[in-house]
Each structure stands twice: as C-alpha cells, then as structure tokens.
$ cat target21.txt   # compact mmCIF, C-alpha atoms
# COMPACT_ATOMS: atom_id res chain seq x y z
CA MET A 46 -2.72 59.30 67.77
CA ARG A 47 -3.54 57.11 70.73
CA ILE A 48 -2.02 53.65 70.77
CA SER A 49 -3.61 51.07 72.97
CA THR A 50 -2.29 47.73 74.13
CA ALA A 51 -5.07 46.00 72.14
CA MET A 52 -3.85 47.63 68.93
CA GLN A 53 -0.32 46.39 69.53
CA TYR A 54 -1.58 42.89 70.03
CA GLN A 55 -3.68 43.07 66.87
CA ASN A 56 -0.82 44.44 64.77
CA HIS A 57 1.56 41.72 65.92
CA LEU A 58 -1.15 39.10 65.36
CA ASN A 59 -1.68 40.32 61.81
CA TYR A 60 2.04 40.18 61.16
CA LEU A 61 2.26 36.65 62.55
CA GLN A 62 -0.63 35.54 60.36
CA THR A 63 0.99 37.11 57.29
CA ALA A 64 4.31 35.46 58.07
CA ASN A 65 2.59 32.13 58.64
CA GLY A 66 0.74 32.52 55.29
CA ARG A 67 4.04 33.10 53.54
CA VAL A 68 5.43 29.93 55.11
CA GLU A 69 2.39 27.95 53.98
CA LEU A 70 2.69 29.34 50.41
CA ALA A 71 6.42 28.61 50.26
CA SER A 72 5.84 25.13 51.68
CA GLN A 73 3.12 24.46 49.11
CA ARG A 74 5.37 25.59 46.23
CA TYR A 75 8.20 23.47 47.59
CA ASN A 76 6.02 20.35 47.91
CA THR A 77 4.19 20.67 44.57
CA GLY A 78 6.83 22.44 42.50
CA LYS A 79 4.09 24.76 41.21
CA LEU A 80 4.24 28.54 41.24
CA PHE A 81 0.46 28.81 41.59
CA GLN A 82 -2.58 26.61 42.02
CA THR A 83 -5.46 28.88 40.99
CA ALA A 84 -6.13 31.50 38.34
CA GLY A 85 -6.51 34.09 41.07
CA GLU A 86 -2.88 33.74 42.00
CA ASN A 87 -1.64 34.30 38.43
CA PRO A 88 -4.34 34.83 35.75
CA ALA A 89 -1.92 35.17 32.82
CA GLY A 90 0.14 32.20 33.95
CA MET A 91 -2.94 30.00 34.34
CA ALA A 92 -4.15 30.93 30.83
CA ALA A 93 -0.75 30.03 29.39
CA SER A 94 -0.72 26.79 31.39
CA ILE A 95 -4.11 25.73 30.01
CA LYS A 96 -3.00 26.45 26.44
CA TYR A 97 0.24 24.50 26.83
CA GLU A 98 -1.60 21.58 28.48
CA SER A 99 -4.04 21.46 25.56
CA ASP A 100 -1.16 21.41 23.08
CA ILE A 101 0.62 18.66 25.02
CA GLN A 102 -2.50 16.47 25.07
CA ALA A 103 -3.01 17.05 21.35
CA TYR A 104 0.56 15.94 20.56
CA GLU A 105 0.10 12.88 22.75
CA GLN A 106 -2.94 11.94 20.65
CA TYR A 107 -1.04 12.66 17.43
CA SER A 108 1.74 10.36 18.64
CA THR A 109 -0.79 7.65 19.43
CA ASN A 110 -2.33 8.03 15.95
CA ALA A 111 1.10 7.97 14.31
CA ASN A 112 2.10 4.79 16.12
CA ILE A 113 -1.14 3.08 15.06
CA VAL A 114 -0.51 4.18 11.47
CA ALA A 115 3.08 2.92 11.64
CA ASP A 116 1.88 -0.51 12.79
CA THR A 117 -0.78 -0.67 10.07
CA LEU A 118 1.66 0.36 7.33
CA SER A 119 4.20 -2.17 8.56
CA GLN A 120 1.57 -4.90 8.38
CA GLU A 121 0.49 -3.81 4.90
CA GLU A 122 4.06 -3.69 3.65
CA THR A 123 4.68 -7.20 5.00
CA ALA A 124 1.53 -8.56 3.34
CA LEU A 125 2.41 -6.98 -0.02
CA GLY A 126 5.95 -8.37 0.22
CA GLN A 127 4.62 -11.87 0.84
CA ILE A 128 2.18 -11.57 -2.09
CA TRP A 129 5.09 -10.51 -4.31
CA ASP A 130 7.10 -13.54 -3.17
CA ALA A 131 4.14 -15.86 -3.81
CA LEU A 132 3.67 -14.49 -7.33
CA SER A 133 7.38 -15.00 -8.01
CA SER A 134 7.04 -18.60 -6.87
CA ILE A 135 4.15 -19.14 -9.31
CA GLN A 136 6.23 -17.69 -12.14
CA THR A 137 8.83 -20.36 -11.46
CA ARG A 138 6.13 -23.06 -11.57
CA LEU A 139 4.88 -21.72 -14.90
CA ILE A 140 8.35 -22.03 -16.38
CA GLN A 141 8.33 -25.67 -15.30
CA ALA A 142 4.88 -26.17 -16.80
CA ILE A 143 5.98 -24.79 -20.19
CA ASN A 144 8.52 -27.61 -20.42
CA GLY A 145 7.20 -29.76 -23.26
CA THR A 146 8.65 -32.97 -21.83
CA ILE A 147 6.46 -33.16 -18.72
CA ASP A 148 3.35 -35.34 -18.79
CA ASP A 149 -0.20 -34.69 -17.65
CA SER A 150 0.39 -36.04 -14.14
CA SER A 151 3.31 -33.64 -13.68
CA ARG A 152 1.14 -30.77 -14.89
CA ALA A 153 -1.54 -31.81 -12.41
CA ALA A 154 1.04 -31.69 -9.61
CA LEU A 155 2.10 -28.20 -10.71
CA ALA A 156 -1.57 -27.18 -10.82
CA GLU A 157 -1.99 -28.32 -7.20
CA ASP A 158 1.14 -26.40 -6.19
CA ILE A 159 -0.18 -23.23 -7.86
CA LYS A 160 -3.57 -23.79 -6.22
CA GLN A 161 -2.01 -23.86 -2.76
CA THR A 162 -0.06 -20.66 -3.47
CA GLN A 163 -3.25 -19.08 -4.81
CA ALA A 164 -4.92 -19.85 -1.46
CA GLN A 165 -2.01 -18.17 0.32
CA ILE A 166 -2.38 -15.03 -1.83
CA PHE A 167 -6.15 -15.04 -1.19
CA ASP A 168 -5.48 -15.14 2.56
CA LEU A 169 -2.90 -12.33 2.35
CA MET A 170 -5.31 -10.15 0.37
CA ASN A 171 -7.74 -10.55 3.29
CA THR A 172 -5.20 -9.51 5.93
CA LYS A 173 -6.65 -7.99 9.11
CA ASN A 174 -5.09 -5.44 11.45
CA ALA A 175 -5.10 -5.55 15.26
CA GLU A 176 -8.58 -3.97 15.35
CA GLY A 177 -9.98 -6.74 13.13
CA ASP A 178 -10.37 -4.53 10.04
CA TYR A 179 -9.47 -5.82 6.58
CA ILE A 180 -6.62 -3.54 5.59
CA PHE A 181 -7.20 -3.81 1.82
CA SER A 182 -10.99 -3.25 1.90
CA GLY A 183 -10.87 0.55 1.99
CA ALA A 184 -13.72 2.17 3.91
CA ASN A 185 -15.60 -1.13 3.73
CA SER A 186 -13.10 -2.59 6.20
CA SER A 187 -15.58 -4.84 7.99
CA GLU A 188 -15.95 -6.99 4.85
CA PRO A 189 -13.25 -9.30 3.42
CA THR A 190 -11.40 -7.75 0.49
CA TYR A 191 -12.09 -10.84 -1.65
CA ARG A 192 -14.65 -13.61 -1.45
CA LEU A 193 -14.90 -16.84 -3.41
CA THR A 194 -18.27 -17.44 -5.08
CA SER A 195 -19.91 -20.81 -5.59
CA ASP A 196 -18.92 -20.81 -9.27
CA GLY A 197 -15.22 -20.41 -8.42
CA GLN A 198 -14.87 -16.68 -9.14
CA TYR A 199 -13.00 -14.32 -6.83
CA ILE A 200 -15.00 -11.13 -6.27
CA CYS A 201 -13.46 -7.92 -4.93
CA GLN A 202 -15.52 -6.23 -2.20
CA ALA A 203 -13.21 -3.26 -1.59
CA ASP A 204 -14.85 0.08 -2.33
CA GLY A 205 -11.79 1.82 -3.73
CA SER A 206 -11.54 4.46 -1.00
CA ASN A 207 -8.73 4.90 1.52
CA LYS A 208 -8.58 5.84 5.20
CA TYR A 209 -6.66 8.84 6.54
CA VAL A 210 -5.51 9.76 10.06
CA MET A 211 -4.29 13.09 11.46
CA VAL A 212 -0.77 12.60 12.80
CA SER A 213 0.12 16.28 13.35
CA PRO A 214 -1.72 19.62 13.36
CA THR A 215 -1.27 19.93 9.59
CA ILE A 216 -0.51 16.40 8.28
CA LYS A 217 -3.08 13.74 7.37
CA VAL A 218 -1.57 10.39 6.38
CA GLN A 219 -3.17 7.67 4.25
CA THR A 220 -3.28 4.52 6.38
CA THR A 221 -4.62 1.95 3.89
CA ASP A 222 -4.62 1.12 0.18
CA SER A 223 -7.70 -0.34 -1.44
CA GLY A 224 -7.39 -3.80 -2.95
CA LEU A 225 -9.58 -2.53 -5.78
CA ASN A 226 -6.63 -0.44 -6.95
CA ILE A 227 -3.84 -2.90 -6.09
CA PHE A 228 -5.27 -6.27 -7.09
CA GLU A 229 -8.53 -5.88 -8.98
CA ASN A 230 -7.76 -3.20 -11.56
CA CYS A 231 -4.74 -5.15 -12.77
CA GLN A 232 -3.90 -4.90 -16.45
CA LEU A 233 -3.67 -8.31 -18.15
CA ALA A 234 -1.00 -8.97 -20.74
CA TYR A 235 -2.01 -7.76 -24.22
CA ASN A 236 -3.23 -10.51 -26.52
CA PHE A 237 -4.27 -11.19 -30.10
CA GLY A 238 -6.49 -13.82 -31.66
CA GLY A 239 -6.71 -15.50 -35.06
CA ASP A 240 -9.73 -14.86 -37.24
CA ASN A 241 -9.16 -16.97 -40.35
CA ALA A 242 -6.48 -18.06 -42.78
CA ASN A 243 -6.15 -19.52 -46.26
CA PHE A 244 -3.17 -21.21 -47.85
CA THR A 245 -2.60 -22.29 -51.44
CA ASN A 246 0.37 -24.43 -52.46
CA ALA A 247 2.38 -23.77 -55.58
CA ASP A 248 0.47 -26.50 -57.46
CA GLY A 249 -2.79 -24.63 -56.85
CA THR A 250 -4.19 -26.91 -54.15
CA ALA A 251 -5.84 -24.94 -51.38
CA LEU A 252 -5.71 -26.03 -47.74
CA SER A 253 -9.01 -26.04 -45.94
CA GLY A 254 -10.54 -27.08 -42.62
CA ALA A 255 -8.13 -28.52 -40.09
CA ASP A 256 -5.33 -28.55 -42.66
CA ALA A 257 -5.46 -24.76 -42.85
CA GLY A 258 -5.01 -24.32 -39.10
CA TYR A 259 -1.96 -22.43 -37.89
CA LEU A 260 -0.43 -21.82 -34.47
CA SER A 261 0.22 -18.37 -33.05
CA ALA A 262 2.02 -17.11 -29.96
CA VAL A 263 3.73 -14.07 -28.51
CA ASP A 264 7.43 -14.55 -29.13
CA ASP A 265 8.74 -11.31 -27.56
CA TYR A 266 6.23 -9.62 -25.26
CA ASP A 267 8.07 -6.31 -24.97
CA GLN A 268 8.16 -5.95 -28.75
CA PHE A 269 4.53 -7.05 -29.08
CA LYS A 270 3.51 -4.60 -26.34
CA ALA A 271 5.14 -1.73 -28.27
CA PHE A 272 3.40 -2.85 -31.48
CA TYR A 273 0.06 -3.11 -29.66
CA GLU A 274 0.28 0.32 -28.03
CA ASP A 275 1.33 1.93 -31.32
CA ASN A 276 -1.42 0.35 -33.42
CA TYR A 277 -4.42 -0.54 -31.27
CA ASN A 278 -7.46 1.59 -32.16
CA TYR A 279 -9.35 2.44 -28.98
CA ASP A 280 -12.00 4.44 -30.85
CA THR A 281 -13.13 1.79 -33.32
CA GLY A 282 -12.74 -1.80 -32.22
CA ALA A 283 -13.42 -3.11 -35.72
CA ASN A 284 -10.26 -1.41 -36.98
CA ASN A 285 -7.92 -3.76 -35.13
CA THR A 286 -7.71 -6.62 -37.62
CA PHE A 287 -4.34 -7.06 -39.33
CA SER A 288 -3.26 -9.34 -42.15
CA ILE A 289 -0.15 -11.24 -43.12
CA THR A 290 0.12 -12.03 -46.82
CA ILE A 291 2.41 -14.85 -47.93
CA ASN A 292 4.16 -14.98 -51.27
CA GLY A 293 6.51 -17.91 -51.42
CA SER A 294 9.05 -17.62 -48.62
CA GLU A 295 8.29 -13.94 -48.03
CA PHE A 296 5.61 -12.31 -45.91
CA THR A 297 4.14 -8.82 -45.54
CA LEU A 298 2.35 -7.52 -42.45
CA LYS A 299 -0.34 -4.95 -43.20
CA GLY A 300 -2.52 -2.83 -40.95
CA PRO A 301 -6.30 -2.32 -41.13
CA ASP A 302 -5.77 0.53 -43.57
CA GLY A 303 -3.63 -1.63 -45.88
CA ASN A 304 -0.36 0.08 -45.01
CA THR A 305 2.69 -2.15 -44.82
CA LEU A 306 4.01 -2.46 -41.25
CA ASP A 307 6.66 -5.16 -41.68
CA GLN A 308 8.21 -7.50 -44.23
CA GLY A 309 10.49 -10.48 -43.94
CA GLN A 310 11.41 -14.07 -44.73
CA ILE A 311 9.64 -17.19 -43.58
CA LYS A 312 12.11 -19.47 -41.78
CA ASP A 313 11.49 -23.07 -40.82
CA GLY A 314 7.78 -22.66 -41.40
CA ARG A 315 7.53 -19.77 -38.96
CA ILE A 316 6.68 -16.10 -39.43
CA VAL A 317 8.15 -13.89 -36.70
CA THR A 318 7.03 -10.27 -36.73
CA GLN A 319 6.44 -7.52 -34.16
CA GLY A 320 6.93 -9.93 -31.26
CA MET A 321 4.42 -12.45 -32.66
CA GLU A 322 5.11 -15.91 -34.03
CA PHE A 323 2.93 -17.80 -36.54
CA THR A 324 3.64 -21.46 -37.29
CA LEU A 325 2.34 -22.47 -40.72
CA PRO A 326 0.48 -25.75 -41.36
CA SER A 327 2.74 -28.72 -42.03
CA ASP A 328 0.92 -29.39 -45.35
CA PHE A 329 1.76 -25.90 -46.60
CA ASP A 330 4.94 -25.92 -48.71
CA TYR A 331 5.91 -22.27 -48.87
CA ASN A 332 9.29 -23.10 -50.46
CA ALA A 333 7.85 -24.94 -53.48
CA THR A 334 7.68 -23.41 -57.00
CA ASN A 335 5.49 -24.73 -59.81
CA GLU A 336 7.94 -25.67 -62.55
CA ALA A 337 5.33 -25.29 -65.26
CA THR A 338 3.89 -21.92 -64.27
CA GLY A 339 6.51 -20.51 -61.93
CA ALA A 340 3.81 -19.98 -59.31
CA VAL A 341 4.73 -20.01 -55.63
CA ALA A 342 2.75 -20.82 -52.50
CA THR A 343 0.47 -18.00 -51.35
CA GLY A 344 -1.73 -17.36 -48.36
CA GLN A 345 -3.12 -14.91 -45.88
CA ILE A 346 -3.47 -14.90 -42.09
CA ASN A 347 -5.86 -12.49 -40.44
CA PHE A 348 -5.52 -11.73 -36.73
CA THR A 349 -7.09 -9.19 -34.36
CA LEU A 350 -5.60 -7.26 -31.46
CA GLN A 351 -7.89 -8.03 -28.55
CA ALA A 352 -9.24 -5.26 -26.34
CA PRO A 353 -7.30 -4.49 -23.15
CA GLU A 354 -8.53 -6.49 -20.16
CA GLN A 355 -8.42 -6.10 -16.42
CA ASP A 356 -8.96 -8.77 -13.80
CA ASN A 357 -7.61 -9.90 -10.47
CA ILE A 358 -4.72 -12.34 -10.48
CA LEU A 359 -6.72 -14.90 -8.45
CA ASN A 360 -9.14 -15.52 -11.33
CA GLN A 361 -6.27 -15.72 -13.79
CA LEU A 362 -4.60 -18.36 -11.63
CA SER A 363 -7.84 -20.34 -11.54
CA ASN A 364 -7.93 -20.28 -15.35
CA ILE A 365 -4.39 -21.60 -15.68
CA ILE A 366 -5.03 -24.29 -13.04
CA ASP A 367 -7.97 -25.48 -15.15
CA ASP A 368 -5.78 -25.44 -18.28
CA LEU A 369 -3.08 -27.53 -16.61
CA LEU A 370 -5.64 -30.14 -15.60
CA VAL A 371 -6.90 -30.64 -19.18
CA PRO A 372 -5.16 -33.54 -20.97
CA SER A 373 -3.02 -32.13 -23.76
CA ASN A 374 -1.09 -33.21 -26.81
CA GLU A 375 0.33 -31.63 -29.89
CA TYR A 376 -2.91 -31.64 -31.86
CA GLY A 377 -5.48 -31.09 -29.13
CA GLU A 378 -7.20 -34.42 -29.71
CA ALA A 379 -7.38 -35.37 -26.00
CA THR A 380 -10.32 -34.05 -24.00
CA ASP A 381 -11.34 -34.00 -20.35
CA SER A 382 -14.66 -35.13 -18.86
CA ASP A 383 -16.29 -31.85 -19.95
CA GLY A 384 -15.08 -32.20 -23.52
CA ASN A 385 -12.43 -29.49 -23.21
CA VAL A 386 -9.57 -29.65 -25.68
CA MET A 387 -6.11 -28.22 -25.04
CA SER A 388 -3.17 -28.49 -27.41
CA ASN A 389 0.39 -28.18 -26.18
CA ALA A 390 0.78 -25.03 -28.26
CA GLN A 391 -2.32 -23.39 -26.80
CA LEU A 392 -1.33 -24.34 -23.25
CA THR A 393 2.14 -22.93 -23.81
CA ARG A 394 0.65 -19.70 -25.12
CA ASN A 395 -1.69 -19.40 -22.12
CA LEU A 396 1.17 -20.07 -19.71
CA ALA A 397 3.39 -17.51 -21.41
CA ARG A 398 0.65 -14.88 -21.29
CA LEU A 399 0.00 -15.54 -17.60
CA GLN A 400 3.70 -15.12 -16.93
CA GLU A 401 3.52 -11.65 -18.40
CA THR A 402 0.31 -10.91 -16.49
CA ILE A 403 1.95 -11.99 -13.21
CA GLY A 404 4.89 -9.74 -14.06
CA ILE A 405 2.45 -6.81 -14.42
CA ALA A 406 0.74 -7.76 -11.12
CA LYS A 407 4.12 -7.94 -9.36
CA THR A 408 5.05 -4.51 -10.67
CA GLN A 409 1.79 -3.09 -9.35
CA VAL A 410 2.21 -4.77 -5.95
CA ASP A 411 5.79 -3.53 -5.76
CA GLN A 412 4.67 -0.02 -6.68
CA TYR A 413 2.19 0.09 -3.81
CA ARG A 414 4.74 -1.47 -1.48
CA GLY A 415 6.97 1.46 -2.35
CA TYR A 416 4.15 3.88 -1.54
CA VAL A 417 3.64 2.19 1.84
CA GLY A 418 7.36 2.24 2.57
CA ALA A 419 7.55 5.95 1.78
CA ARG A 420 4.62 6.71 4.08
CA GLY A 421 6.18 4.53 6.77
CA ALA A 422 9.45 6.44 6.59
CA ASN A 423 7.52 9.71 6.79
CA ILE A 424 5.61 8.46 9.83
CA ASP A 425 8.87 7.70 11.65
CA ALA A 426 9.98 11.30 11.08
CA ILE A 427 6.59 12.62 12.21
CA ILE A 428 6.68 10.55 15.42
CA LYS A 429 10.10 12.00 16.30
CA SER A 430 8.91 15.51 15.45
CA ASN A 431 5.80 15.11 17.63
CA GLU A 432 7.91 13.92 20.54
CA ASN A 433 10.23 16.89 20.21
CA LEU A 434 7.38 19.40 19.89
CA SER A 435 5.59 17.88 22.89
CA LEU A 436 8.80 18.18 24.90
CA ILE A 437 9.14 21.85 23.90
CA LYS A 438 5.55 22.53 24.98
CA SER A 439 6.19 20.75 28.30
CA GLU A 440 9.29 22.83 28.92
CA ALA A 441 7.40 26.03 28.07
CA LYS A 442 4.62 25.08 30.47
CA ALA A 443 7.17 24.28 33.18
CA ASN A 444 8.76 27.71 32.73
CA VAL A 445 5.39 29.32 33.37
CA THR A 446 3.96 27.10 36.10
CA GLU A 447 6.86 25.43 37.93
CA ILE A 448 9.21 26.95 40.48
CA ASP A 449 12.93 26.37 40.54
CA VAL A 450 13.76 23.92 43.31
CA PHE A 451 16.55 26.10 44.71
CA GLN A 452 14.28 29.12 44.70
CA ALA A 453 11.59 27.07 46.49
CA VAL A 454 14.03 25.99 49.22
CA SER A 455 15.34 29.53 49.62
CA ASP A 456 11.81 30.99 49.86
CA LEU A 457 10.79 28.35 52.41
CA VAL A 458 13.85 28.96 54.61
CA LEU A 459 13.44 32.73 54.35
CA SER A 460 9.74 32.65 55.23
CA ASN A 461 10.41 30.27 58.14
CA ASN A 462 13.07 32.57 59.49
CA ALA A 463 10.75 35.55 59.19
CA LEU A 464 8.05 33.66 61.08
CA GLN A 465 10.48 32.69 63.84
CA VAL A 466 11.66 36.31 64.19
CA ALA A 467 8.06 37.49 64.33
CA GLN A 468 7.26 34.98 67.04
CA GLN A 469 10.32 35.90 69.07
CA SER A 470 9.67 39.66 68.79
CA TYR A 471 6.06 39.05 69.79
CA ASN A 472 7.18 37.39 73.05
CA ILE A 473 9.70 40.09 73.80
CA VAL A 474 7.40 43.03 73.07
CA HIS A 475 4.38 41.69 74.88
CA SER A 476 6.24 40.38 77.96
CA SER A 477 6.57 44.07 79.16
CA THR A 478 3.88 45.94 81.06
CA LEU A 479 3.12 49.61 81.73
CA PHE A 480 4.65 49.35 85.16
CA ASP A 481 8.02 48.60 83.54
CA TYR A 482 7.93 52.03 81.92
CA ILE A 483 6.71 53.82 85.10
CA SER A 484 9.43 52.38 87.22
$ encode --input "target21.txt" --output "structure tokens"
Amino acid sequence: MRISTAMQYQNHLNYLQTANGRVELASQRYNTGKLFQTAGENPAGMAASIKYESDIQAYEQYSTNANIVADTLSQEETALGQIWDALSSIQTRLIQAINGTIDDSSRAALAEDIKQTQAQIFDLMNTKNAEGDYIFSGANSSEPTYRLTSDGQYICQADGSNKYVMVSPTIKVQTTDSGLNIFENCQLAYNFGGDNANFTNADGTALSGADAGYLSAVDDYDQFKAFYEDNYNYDTGANNTFSITINGSEFTLKGPDGNTLDQGQIKDGRIVTQGMEFTLPSDFDYNATNEATGAVATGQINFTLQAPEQDNILNQLSNIIDDLLVPSNEYGEATDSDGNVMSNAQLTRNLARLQETIGIAKTQVDQYRGYVGARGANIDAIIKSNENLSLIKSEAKANVTEIDVFQAVSDLVLSNNALQVAQQSYNIVHSSTLFDYIS
C-alpha cells in the first residue's frame, strides 16, 4: 500500500478533530452537568428523562392543588369554629332571657344582642376564599350562600354539591361543604301542641273558655325526644294525637290506639310525663272530693306530636328576636302594635325549644368541622408524600441525565491531555521531510 504525505496529514488532522470533539463534549458535560443534550446522543436516556420530567411537573401541580385545598379547608374550619362560638354565645343569652324576673326592656336589650350575633353568623356563612368564591355555596360559588329577603327571611342559595380537587395521581379531595347540608337542612327540636282540654271539678262544675286553658312545656328534652322517636307515626299524621285523662290526683297517658303509656300522680297542679309538663288551670281543684257523692275532679288533655321540621338557624333566631320584643306577662294580656300576644309561659317554652334547636345546630356544625379537620390532616400527609415522591423522581432523572462532577472533571482533563499529545505528535511527525530519511 502506498502512503503519501497528504494521507499522513489527513490522518493526523482527523485525529486532531476527533480529540478536539472529545474536549468539546467533555467541556459541555462539565459546564451543564448533563450527560446528553439530544435524543441522538442517548435515545433511551432521553425517553426516560421526558417521562421523569412529566412526572415531576405533575407532582408540582398536585402540590400546588394540595396547598390551595389546605388553605381553603383551614378557612372553612375557622369559619365553622366561629359560628359554633357565636351559637354558644346565643345559648347563654337565651338562659338570661328565660329568667322570669327581667322586664321587657331587658328582653329588648337581649334581643338586640342576639340580633347582632345573628348578623355575625350570617356574615360567616357567606365567607369567601382568596379567589372570591363563597366557600359554603357548593358549585354555585359565585352566589352568596344566604341572602336576606325583603320580608326578613333568610334564603339558602347553595346547591348542595361539593367541589373536589386532585391532589395526587389517585386521590381526589373534597374542598368545600355545602351550606345546604350544614346550615339549611338543620333538624329543629321536636315539639308538641295542645288541641283541646276539658276539666270538671268534684262538684260537677265544668271549666270552659279561658278558665279551661292549661300551660304545656318540654320539661326534659332528652326524655321527650326518646318518647317522640318511639311513638311518632310518620305514615299517618292523624295518628299522633295523645290524651291525658285525669281522675282526682292521678293521671293516665294514652296513645292514639288507647294503650296506656304512663301513669302517675299530679303534684302541685302539674302533670310531668315523658319529658313533658302540663300545668292545670288554677280554677281546677284536682284534690277535692264531693262529700255527698264521693266524686273527684276529672278531665282530659289532648295534645299532638308535631311533624319534624327543618330550617336554618338564622330564621329561628329571627323568630325568637320577634318573641322577645313582644310585651309579655303571665296571662298574655299585653300586646304589641300588631296585636301579638305573648305570655311568659309561651315565651319560656319558645326560648327553651330554641335552646335545644341551637344545640342540634351546634352538633351539626361541629360534625362538619370534624370532617374538615380530618381532610386537613390528610392533606398535610399528602403534601409531604408529594414532596417526597417528586424528590425521588428528580433523583431518578438525575441518575439518567446528569454526570457525576468528578467524572466530568476527569473526562475533561483526560480529553485535554489527549488533545495536547495529539498536537505535539503532529508537530514532531510533520516537522521531518524526505531528505531527513535519505541522508
């Protein structure tokens, strides 16, 4: 094979170019920390890099979503806690209002106090998040959860649905709770109403009209609640009327079917049974006995268990505010400008029932606050998990795409040395001529 001087030059030039390319590649890896820049350099590595980068971006978005959810849940939990505190404050005011020694002006002051707290609850129910959405309005978050109509009624505008956000590849978290479920569909305290009564004294004289009126109230709500739930007929509303028959100082409680449910003694003109209290008319002498005939006082009270009711606590507070502003006395003779009459006994009964209703509302608010707290705790764990998984993906990507710094330095020094040797050998080899060999 014939070797020419031109071929030697070309071979050395090719070697120098290769060595220089290696230096450039090593320098690039050293400066960028990357093993490759294009898919052509490492197709499998580039495919893995793209996959890891996609996963990392997804976890970054999940973390952003989770942090937004955490903020929203924190705000909701705070609002529910403040509503619970406000309801507790109203319960205290109701206890003060039940005090029979306070006058109408004091009741009016309590009514104003309750009204201000009602406004605070109304504002909390319409809490907004940082994006300006009403957090208790469900999917209808652009509208206030509650609005006050011209006739003084509070109307719920929440649609009952909830919002969800993806916070991990497999977990979707509820971010809101609808006010329709928390505040609107609130069970009111069970109640009963009087239908009619008749009383006959031992001497045969029957009480009628106003003289036959009696007072009724819930004496022990827990006991009355148990009686109500055991005996209320949901299928046939007409079968919810009960009777109390009086025979002297004894009474018998009977159900709609005539079965005896309770018996007992009348004490101090009061019948206490199944958590209910009935105060007999003052003109009814249940202790008297007719000396001539041996007859005793008799009578019957009919009352009906009222159907279960649901309403929001704002309307219930409005009702009690109105009650407190009506002049009251023992017999209900005083009236307001609209002709409303309110006896002390009726006001006390309304206040006592509202206390129980507020207790139910507080339980419901506290229940949802627990739900929010549980989701908040879960979110904290998810945020930490997302951070850890994102870090793992970043490390896996680095293992595929990034070069070890010591390896990069070593490769750069080695390729530089190779280039220098190539350059030096080029000068040495090509400084000779053919005459050097001839001589």
$ residues_near_point --input "target21.txt" --point "(-7.6, -8.0, -13.1)" --cutoff "6 Å" --atoms "only C-alpha atoms" --output "PyMOL selection string"
chain A and resi 229-232+355-358
$ closest_residue --input "target21.txt" --among "A:Asn276, A:Gln141, A:Asn431, A:Gln412" --to "Ala156 (chain A)" --atoms "all atoms listed in the file"
A:Gln141
$ atom_distance --input "target21.txt" --atom1 "CA of Gly344 (chain A)" --atom2 "CA of Gln391 (chain A)"
22.4 Å
$ closest_residue --input "target21.txt" --among "A:Ser108, A:Ser327, A:Asn304, A:Ser182" --to "Gln202 (chain A)" --atoms "all atoms listed in the file"
A:Ser182
$ atom_distance --input "target21.txt" --atom1 "CA of Ile316 (chain A)" --atom2 "CA of Leu233 (chain A)"
24.9 Å
$ atom_distance --input "target21.txt" --atom1 "CA of Thr343 (chain A)" --atom2 "CA of Phe272 (chain A)"
25.2 Å
$ residues_around --input "target21.txt" --residues "Ala419 (chain A)" --least-positions-apart "3" --cutoff "12 Å" --atoms "all atoms listed in the file" --output "list in words"
Ala115, Leu118, Ser119, Glu122, Val218, Gln219, Thr220, Gln412, Tyr413, Arg414, Gly415, Tyr416, Ala422, Asn423, Ile424, Asp425 and Ala426 of chain A
$ residues_around --input "target21.txt" --residues "Arg398 (chain A)" --least-positions-apart "2" --cutoff "9 Å" --atoms "only C-alpha atoms" --output "CSV table (one decimal) with C-alpha atoms, in the coordinates of the input"
chain,number,residue,atom,x,y,z
A,233,LEU,CA,-3.7,-8.3,-18.2
A,234,ALA,CA,-1.0,-9.0,-20.7
A,235,TYR,CA,-2.0,-7.8,-24.2
A,236,ASN,CA,-3.2,-10.5,-26.5
A,263,VAL,CA,3.7,-14.1,-28.5
A,266,TYR,CA,6.2,-9.6,-25.3
A,393,THR,CA,2.1,-22.9,-23.8
A,394,ARG,CA,0.6,-19.7,-25.1
A,395,ASN,CA,-1.7,-19.4,-22.1
A,396,LEU,CA,1.2,-20.1,-19.7
A,400,GLN,CA,3.7,-15.1,-16.9
A,401,GLU,CA,3.5,-11.6,-18.4
A,402,THR,CA,0.3,-10.9,-16.5
A,403,ILE,CA,2.0,-12.0,-13.2
$ residues_around --input "target21.txt" --residues "Asn207 (chain A)" --least-positions-apart "4" --cutoff "8 Å" --atoms "all atoms listed in the file" --output "MDAnalysis selection string"
chainID A and resid 183:184 219:223
$ residues_around --input "target21.txt" --residues "Gln120 (chain A)" --least-positions-apart "6" --cutoff "12 Å" --atoms "all atoms listed in the file" --output "list in words"
Ile113, Val114, Gly126, Gln127, Leu169, Met170, Thr172, Lys173, Asn174, Ala175, Tyr179, Ile180, Phe181, Thr220, Thr221, Asp222, Arg414, Val417, Gly418 and Gly421 of chain A
$ closest_residue --input "target21.txt" --among "A:Leu399, A:Leu359, A:Leu155, A:Ala247" --to "Asn332 (chain A)" --atoms "only C-alpha atoms"
A:Ala247
$ closest_residue --input "target21.txt" --among "A:Phe167, A:Tyr273, A:Phe348, A:Phe244" --to "Asp328 (chain A)" --atoms "only C-alpha atoms"
A:Phe244
$ axis_aligned_box --input "target21.txt" --around "region 189-206 of chain A" --padding-each-side "8 Å" --output "JSON"
{"center_x": -15.7, "center_y": -8.2, "center_z": -2.9, "size_x": 24.5, "size_y": 41.3, "size_z": 28.7}
$ closest_residue --input "target21.txt" --among "A:Arg315, A:Ala203, A:Thr286, A:Met211" --to "Asp302 (chain A)" --atoms "only C-alpha atoms"
A:Thr286
$ closest_residue --input "target21.txt" --among "A:Asn364, A:Gln163, A:Asn112, A:Gln198" --to "Val212 (chain A)" --atoms "all atoms listed in the file"
A:Asn112
